[in-house]
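Have a look at the structure below, then the notes.
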Amino acid sequence: MAKAISRIKKMEMTQEQIRAKKVSNLEAKMADNAESIEKAIDLIRTLDEAGTLDTFNAFVKHKEEALGHFVTEANKPRYSKTFENLFEFVFLMGDLDVQKVRELSKRLNQGLEGMEEGSESEEKTSMMDLMKALKDPEINQGITMMMHFLRGLGKKD
Amino acid sequence: MQEHMIINVNGQELLAKPGQTLIQLLNEAEVEVPQICYHEALGAIETCDTCVVEVNGELKRACGTKVEAGMEVFTQKELVQSSQKEALDRIMQKHELYCTVCDYNNGSCEIHNAMADFGIEHQSKPFEPKPYEVDRTGSFYRYDPDQCILCGRCVEVCQDIQVNETLTIDWERQQPRVIWDNDVPIDQSSCVNCGQCVTVCPCNALIETNMEGEAGYMTDHEPGLLRSMIELTKKVEPGYGPLFAVSDTEANMREDRIEKTKTVCTYCGVGCSFDVWTKGREVLKVEPQIDSPANSISTCVKGKFGWDYVNSDDRLTNPLVREGDHFKEVEWDEAIKVVADNFKRLKAEHGADSMGFISSSKATNEESYVMQKLARQVIGTNNVDNCSRYCQSPATKGLFRTVGHGGDAGSIEDIAKAELVITIGSNTAESHPVLASRIKRSQKLFDQKLYVFDLRKHEMGKRADEFIQPAPGTDLVWLSAVTKYIIDQGWHDKEFIDTWVNDFEEYYESLKPFTLEYAEKTTGITQEMLKQVAKEIYEAETTSICWAMGVTQHQLGSDTSTAISNLLLATGNYKKPGAGAYPLRGHNNVQGCSDFGSMPNFFPGYEKTTDDDTRQRYENLWQVDLPIEPGMDNHQMIENIHEGNLKSMFILGEDTGIVDANINYVTAGFEKLDFMVVQDLFLTKTAEYADVILPACSSLEKDGTFTNTERRIQRIYKAMEPLEGTKPDWEIIQLIAKELGYDWGYEHPEKIMEEAAFLTPLFAGVTYNRLKGYNSLQWPVAPDGTDTPLLFEDEFPFEDGKARFYSLSYEKLYETNDEYDLHVNNGRLLEHFHEGNMTYKTPGIVRKTPNAFLEVSPELAEERGIEEGALVRLTSHAGSATGEVHVTDRVAGKELYLPLNDNGKSAVNFLTDNRVDKDSNTPAYKEIAVKMDVIRKKGKSPVPDNNHRRGNPQPQISVGVERKWERDDYTFPGNQVSRDG
């Protein structure tokens, strides 16, 4: 003789029992994934040692505001040129011949060094000195390069 | 043999099939052409102009061009490319690209992909916002006109696939847009929330609200912030190819946390399959696939949006054991032990046959198999049955008598291509919505004739070429009279009958009483109409007859089903595509639950328990002696409780105390049981009587297979882990068996299927491998995996290979009288399922359809002086129910309609009684005579203003693209580029 009933007496688990159940579930998962967990601990330590963890933590906590600041700022008209340039640059990078740029920048550096050395002397350069200097093979090479560069610059596609 | 023709594409010869469109050919041959409005399931819509190619020197849309022999096509020429680019640019003008922060950026955005594939480098026409607000009024999806490209797919699917005819595009206004009905908010329209417009939308114009802010990593922000991010994304993503890489990467990252799992819907027998997108336990969306065998891209509101019950707080999460006046939560071990101990005790005290087992037509085939194995092998009784007893056993019976297989003769495809479809007692549009849509489409577009026989003028009745209302319970008479008239006229298929059917003479003789005069008198259908029906069947090359509970849930349910099959045999409507008998199965696994042996007289595959060879096979494998004589069916179980013979019941996933007829009698029975176990997701009305309740899990939380109405076995995959504390039914049954000393050791449902297939010739070739993904098998399945989409092609499954006519007689068993003067019909509502345990947990459904309501005809309302919202009490001689009145012309005269989807005071089964189909014991749910008392004369309507039944559909064919072309601001891109040259 069973009448219809609908009252349920919940399984009474003390806080400790619930905790213990969760801990034992967790333990099982940890044991199954020991290797990954050790690696994760390593990663966390490294991040912490580098101070990144704190920054990251703070950033995540304030993600919505941070993103808001960034997006609001980035949306201001004065940045639109930046974004356009950014993408122009991306394409520019694609067109550049990196090998040549490297050679050029090496020479530019040398030039800068020379400039630094030369700037220490107080002497003035006369027309005669210029003519003489052209005989110096390094200067001559430099001037020739500049002339070729100017030619290239003026050339139309 | 189909003729092929040769088409020249870019200098290469391709073979095309006649009738194919050019775009189909190009896609097959993998010739790349951009396409946005074109969708394989929808056909050509011709709105987006992106698929323009050169055909015989002229620029034309590939989707709107039929292939012709010798056609010369170019897809790469400069003019073609610039025309395509012009079309794509126009789309970008209407659609803002902010992919990375768009919830639709899941790798399947067709705009994104088309632009990326074409290599569009920048937007040459800037995006132009449209002056419309986003429509967020609906329950389940929202429309953003600003993102809408007016491709018209949503309109096409609504008008011609679902055929609900809610959506149109208003092409004439300054800024065209998609509108609902006559331009009302989504929520106020006739939209039934089938969700198909959202499924086919190529972008984020229509999106499931569950997806919003959930799918992306960077989309769940406050509206203001999201808007700023969109602006920023636009700046950094102005259509540059390389930058699609960013959004593509983000889309790939989403795959990491959004699981897409194939499953099969549990809401009716159509068996729609789809991917369910989950994020943890959250269901984000349901996406039907073009490869879904039963439904393709279609769904109804329940399958698309009705999954909230899975995460309902009402789910049981611990086994419950009765203790005095309450249930006590216990650990699984303890609960299983209580069950096993009591089963042992009862078997020892009263014998195995004192115990009854009921399987669920919502559970898997494997679960039906282990339930009958538990009953037969472990307990030793054939007292095992399932809920198809409540609905479909009579249909199965009728088919066994005549053609030998108890299932649909063909596939849904066959119903769609029949020249004539007759539905009898089937509220198809609400009970089998996706299948109904196939009929609606064929009738609307392909000249299919539709004859609807029903008491109630439901949607199919309104659409029918002829809607015919026979007197309740008299279908057998008009069916027999029409058959007799056909034979009298010599219109029967003599050759078919000679070759394939036995007992013609005897049967024809038995038809003698069924004259047209007699039929007219009994059914109320005029003789002219009966002749017209006969002529239609005779003239149609193929006739398919669909029927449902309106036939089966009568005292003559089996006989009427037999009469249908007789008619089909007489007219040769078996053994050919487009024809046959289609008993539309109500629940997802009504077919499979019986197929896999949860029946008192059958082993799996309908092999009789009394057949020695069959039994031997099972005894050998199971190593026990098995009971021979058929056991009790559901109905007999309840009777036997009252008689004191049945002491215990184990009910799996059925709310028997609500869904069985005459529930006062049923629940009184439950009270008398010695021991009762219920396995369910919820504390149902039935479970309230149990001694032990075992918490099961939903279809999304387990693996297995279901069999739909087409006899199609389909795989379901686990989309999420069972809710903590719950287990799949098969695991629970296995635990009980083990505690009782039978260690089955199934690790996975696949092992159960292996055993069932090994034992059952009907399923010999069924393997999980063959059912992988969207693959399916329609039984019988031969050992080599060959299945049978169309039954009886070779022969009928009788010894001589021939079907047989089955002679019938008719006796009127039911009538209203002076006291109980009204007839209550009952059935489903589109948006709710069964007793409502699942669908009432979806808030989006409840806000539109909060409860069942009683449909009353305007005539009757006037006669009784009641209005909309009145409250009435219905009383039959079995009990009474109260309900709120909705006055509608869907019912006529003294007919009432009470949806079965309620478990409160309106539950229809307070009214039903113990009368059953004489051949199958299916309750005669449809034969209720009642009287009506008015409690309140009028009130608030039980059908809210935002219910789809109050909408105003706007039927048209397709999207009306010609109206777009007629606009002054429209130029065909091909003409424009030719001119700009």
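Residue numbering restarts at 1 in every chain; chains get A, B, ... in the order shown in the structure tokens, and ligands count up from 1 in that same order.
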Can you work out which residues from chain A touch chain B at a cut-off of 10 Å (counting only C-alpha atoms) and hand them back as a ChimeraX atom specification? /A:1-12,64-65,67-76,80,83-84,86-87
Can you write just those residues out, N, CA and C atoms, as a CSV table (one decimal), in the first residue's frame?
```
chain,number,residue,atom,x,y,z
A,1,MET,N,0.8,-1.2,0.0
A,1,MET,CA,0.0,0.0,0.0
A,1,MET,C,0.9,1.3,0.0
A,2,ALA,N,1.2,1.7,-1.2
A,2,ALA,CA,2.1,2.9,-1.2
A,2,ALA,C,1.4,4.1,-1.8
A,3,LYS,N,1.2,5.1,-1.0
A,3,LYS,CA,0.5,6.3,-1.4
A,3,LYS,C,1.5,7.1,-2.2
A,4,ALA,N,1.0,8.0,-3.0
A,4,ALA,CA,1.9,9.0,-3.7
A,4,ALA,C,2.5,9.9,-2.7
A,5,ILE,N,3.8,10.0,-2.8
A,5,ILE,CA,4.5,11.0,-2.0
A,5,ILE,C,5.5,11.8,-2.8
A,6,SER,N,5.9,12.9,-2.4
A,6,SER,CA,6.9,13.7,-3.2
A,6,SER,C,8.0,14.4,-2.3
A,7,ARG,N,7.9,14.1,-1.0
A,7,ARG,CA,8.9,14.8,-0.2
A,7,ARG,C,10.2,14.0,-0.2
A,8,ILE,N,11.3,14.7,-0.4
A,8,ILE,CA,12.6,14.0,-0.5
A,8,ILE,C,13.5,14.4,0.7
A,9,LYS,N,14.0,13.5,1.4
A,9,LYS,CA,14.9,13.8,2.5
A,9,LYS,C,16.3,13.7,1.9
A,10,LYS,N,17.0,14.8,1.8
A,10,LYS,CA,18.3,14.8,1.1
A,10,LYS,C,19.3,14.0,1.9
A,11,MET,N,20.2,13.4,1.2
A,11,MET,CA,21.3,12.7,1.8
A,11,MET,C,22.0,13.7,2.6
A,12,GLU,N,22.1,13.4,3.9
A,12,GLU,CA,22.7,14.5,4.8
A,12,GLU,C,24.2,14.2,4.8
A,64,GLU,N,37.7,43.4,-18.1
A,64,GLU,CA,36.7,44.2,-18.8
A,64,GLU,C,37.1,45.7,-18.8
A,65,GLU,N,37.6,46.2,-17.7
A,65,GLU,CA,38.0,47.6,-17.7
A,65,GLU,C,39.2,47.8,-18.6
A,67,LEU,N,40.2,46.1,-21.1
A,67,LEU,CA,39.8,46.1,-22.5
A,67,LEU,C,39.1,47.3,-22.9
A,68,GLY,N,38.2,47.8,-22.0
A,68,GLY,CA,37.5,49.0,-22.3
A,68,GLY,C,38.4,50.2,-22.5
A,69,HIS,N,39.4,50.4,-21.6
A,69,HIS,CA,40.3,51.4,-21.8
A,69,HIS,C,41.0,51.4,-23.1
A,70,PHE,N,41.5,50.1,-23.4
A,70,PHE,CA,42.3,50.0,-24.6
A,70,PHE,C,41.4,50.3,-25.8
A,71,VAL,N,40.2,49.7,-25.9
A,71,VAL,CA,39.4,49.9,-27.0
A,71,VAL,C,39.0,51.3,-27.2
A,72,THR,N,38.6,52.0,-26.1
A,72,THR,CA,38.2,53.4,-26.2
A,72,THR,C,39.3,54.2,-26.7
A,73,GLU,N,40.5,54.0,-26.2
A,73,GLU,CA,41.6,54.7,-26.6
A,73,GLU,C,41.9,54.5,-28.1
A,74,ALA,N,41.9,53.2,-28.4
A,74,ALA,CA,42.3,52.8,-29.8
A,74,ALA,C,41.3,53.3,-30.8
A,75,ASN,N,40.1,53.5,-30.3
A,75,ASN,CA,39.1,54.0,-31.3
A,75,ASN,C,39.1,55.5,-31.5
A,76,LYS,N,40.0,56.2,-30.7
A,76,LYS,CA,40.1,57.7,-31.0
A,76,LYS,C,40.6,58.0,-32.3
A,80,SER,N,43.5,56.4,-35.8
A,80,SER,CA,43.1,55.7,-37.0
A,80,SER,C,44.3,55.7,-38.0
A,83,PHE,N,46.6,52.9,-37.1
A,83,PHE,CA,46.2,51.6,-37.6
A,83,PHE,C,46.5,51.5,-39.1
A,84,GLU,N,46.1,52.6,-39.8
A,84,GLU,CA,46.3,52.5,-41.3
A,84,GLU,C,47.8,52.3,-41.5
A,86,LEU,N,50.0,51.1,-39.5
A,86,LEU,CA,50.4,49.8,-39.1
A,86,LEU,C,50.3,48.8,-40.2
A,87,PHE,N,49.1,48.9,-40.9
A,87,PHE,CA,48.9,47.9,-42.0
A,87,PHE,C,49.7,48.2,-43.2
```
Those in stretch 641-681 of chain B with alpha helix (DSSP H) from DSSP, as an mmCIF file with N, CA and C atoms, in the first residue's frame:
```cif
data_model
loop_
_atom_site.group_PDB
_atom_site.id
_atom_site.type_symbol
_atom_site.label_atom_id
_atom_site.label_comp_id
_atom_site.auth_asym_id
_atom_site.auth_seq_id
_atom_site.Cartn_x
_atom_site.Cartn_y
_atom_site.Cartn_z
ATOM 1 N N ILE B 641 -2.762 -6.239 -11.354
ATOM 2 C CA ILE B 641 -2.487 -5.697 -10.014
ATOM 3 C C ILE B 641 -3.792 -5.707 -9.229
ATOM 4 N N HIS B 642 -4.840 -5.202 -9.897
ATOM 5 C CA HIS B 642 -6.134 -5.131 -9.210
ATOM 6 C C HIS B 642 -6.640 -6.515 -8.828
ATOM 7 N N THR B 656 3.608 6.484 -16.596
ATOM 8 C CA THR B 656 2.408 5.661 -16.790
ATOM 9 C C THR B 656 1.192 6.223 -16.061
ATOM 10 N N GLY B 657 1.446 6.801 -14.902
ATOM 11 C CA GLY B 657 0.349 7.332 -14.095
ATOM 12 C C GLY B 657 -0.295 8.570 -14.684
ATOM 13 N N ILE B 658 0.229 9.058 -15.808
ATOM 14 C CA ILE B 658 -0.387 10.177 -16.503
ATOM 15 C C ILE B 658 -0.798 9.765 -17.911
ATOM 16 N N VAL B 659 0.039 8.943 -18.531
ATOM 17 C CA VAL B 659 -0.199 8.674 -19.952
ATOM 18 C C VAL B 659 -1.078 7.454 -20.196
ATOM 19 N N ILE B 663 -6.459 7.195 -15.488
ATOM 20 C CA ILE B 663 -5.357 7.219 -14.525
ATOM 21 C C ILE B 663 -5.797 7.006 -13.090
ATOM 22 N N ASN B 664 -7.050 7.291 -12.796
ATOM 23 C CA ASN B 664 -7.486 7.008 -11.417
ATOM 24 C C ASN B 664 -7.350 5.514 -11.122
ATOM 25 N N TYR B 665 -7.716 4.714 -12.123
ATOM 26 C CA TYR B 665 -7.657 3.263 -11.995
ATOM 27 C C TYR B 665 -6.197 2.784 -11.937
ATOM 28 N N VAL B 666 -5.358 3.411 -12.772
ATOM 29 C CA VAL B 666 -3.951 3.020 -12.830
ATOM 30 C C VAL B 666 -3.240 3.334 -11.516
ATOM 31 N N THR B 667 -3.446 4.559 -11.028
ATOM 32 C CA THR B 667 -2.730 4.927 -9.803
ATOM 33 C C THR B 667 -3.277 4.142 -8.606
ATOM 34 N N ALA B 668 -4.549 3.817 -8.633
ATOM 35 C CA ALA B 668 -5.088 2.947 -7.565
ATOM 36 C C ALA B 668 -4.363 1.607 -7.594
ATOM 37 N N GLY B 669 -4.037 1.154 -8.800
ATOM 38 C CA GLY B 669 -3.262 -0.083 -8.950
ATOM 39 C C GLY B 669 -1.877 0.050 -8.341
ATOM 40 N N PHE B 670 -1.217 1.144 -8.678
ATOM 41 C CA PHE B 670 0.137 1.351 -8.137
ATOM 42 C C PHE B 670 0.141 1.254 -6.606
ATOM 43 N N GLU B 671 -0.921 1.802 -6.023
ATOM 44 C CA GLU B 671 -0.978 1.797 -4.556
ATOM 45 C C GLU B 671 -1.017 0.377 -3.995
ATOM 46 N N LYS B 672 -1.490 -0.539 -4.809
ATOM 47 C CA LYS B 672 -1.620 -1.920 -4.317
ATOM 48 C C LYS B 672 -0.355 -2.746 -4.505
#
```
Identify, on the basis of only C-alpha atoms, every residue whose closest approach to B:Ser296 does not exceed 9 Å; exclude the query and any residue fewer than 3 positions from it along the same chain; express the result as an mmCIF file with C-alpha atoms, in the first residue's frame.
```cif
data_model
loop_
_atom_site.group_PDB
_atom_site.id
_atom_site.type_symbol
_atom_site.label_atom_id
_atom_site.label_comp_id
_atom_site.auth_asym_id
_atom_site.auth_seq_id
_atom_site.Cartn_x
_atom_site.Cartn_y
_atom_site.Cartn_z
ATOM 1 C CA ALA B 41 18.806 21.882 -49.810
ATOM 2 C CA CYS B 272 15.621 14.154 -36.964
ATOM 3 C CA SER B 273 19.359 14.024 -36.488
ATOM 4 C CA PHE B 274 21.656 16.977 -35.913
ATOM 5 C CA PRO B 288 20.776 19.877 -38.528
ATOM 6 C CA GLN B 289 22.942 18.779 -41.435
ATOM 7 C CA ILE B 290 22.214 18.351 -45.092
ATOM 8 C CA ASP B 291 23.251 14.698 -44.592
ATOM 9 C CA SER B 292 20.696 14.126 -41.837
ATOM 10 C CA PRO B 293 18.826 11.224 -43.443
ATOM 11 C CA THR B 299 13.798 20.685 -37.266
#
```
Separation of atom CA of B:Asp414 from atom CA of B:Val163 in Å: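 Between these atoms lies a distance of 18.6 Å.
Distance annotation: of B:Arg61, B:Arg715, B:Arg438, B:Lys304, the residue with the minimal separation from B:Thr767 is B:Arg715; atom set is only C-alpha atoms.
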Pick out the residues sitting within 9 Å of B:Leu723, and hand them over as number ranges by chain; count only C-alpha atoms, and ignore anything fewer than 4 positions along from it in its own chain. B: 281, 310-311, 315, 317, 697-698, 701, 727
Could you name the residues that touch B:Arg585 at 7 Å or less, counting only C-alpha atoms, but leaving out those on the same chain fewer than 2 positions away, as a PDB file with C-alpha atoms, in the first residue's frame?
```
ATOM      1  CA  GLY B 269       9.131   9.313 -34.465  1.00  0.00           C
ATOM      2  CA  GLN B 392       0.985   2.074 -32.140  1.00  0.00           C
ATOM      3  CA  PRO B 583       1.850   4.359 -39.412  1.00  0.00           C
ATOM      4  CA  HIS B 587       7.924   8.783 -29.954  1.00  0.00           C
ATOM      5  CA  VAL B 590       8.394   3.544 -30.429  1.00  0.00           C
ATOM      6  CA  GLN B 591       9.539   1.481 -33.370  1.00  0.00           C
ATOM      7  CA  THR B 709       9.237   5.661 -38.026  1.00  0.00           C
TER       8      THR B 709
END
```
List as a ChimeraX atom specification the protein and nucleic acid residues near B:Tyr810, meaning an atom at most 9 Å away when only C-alpha atoms are counted, but skip any in the same chain fewer than 4 places from it. /B:474,476-477,556,559
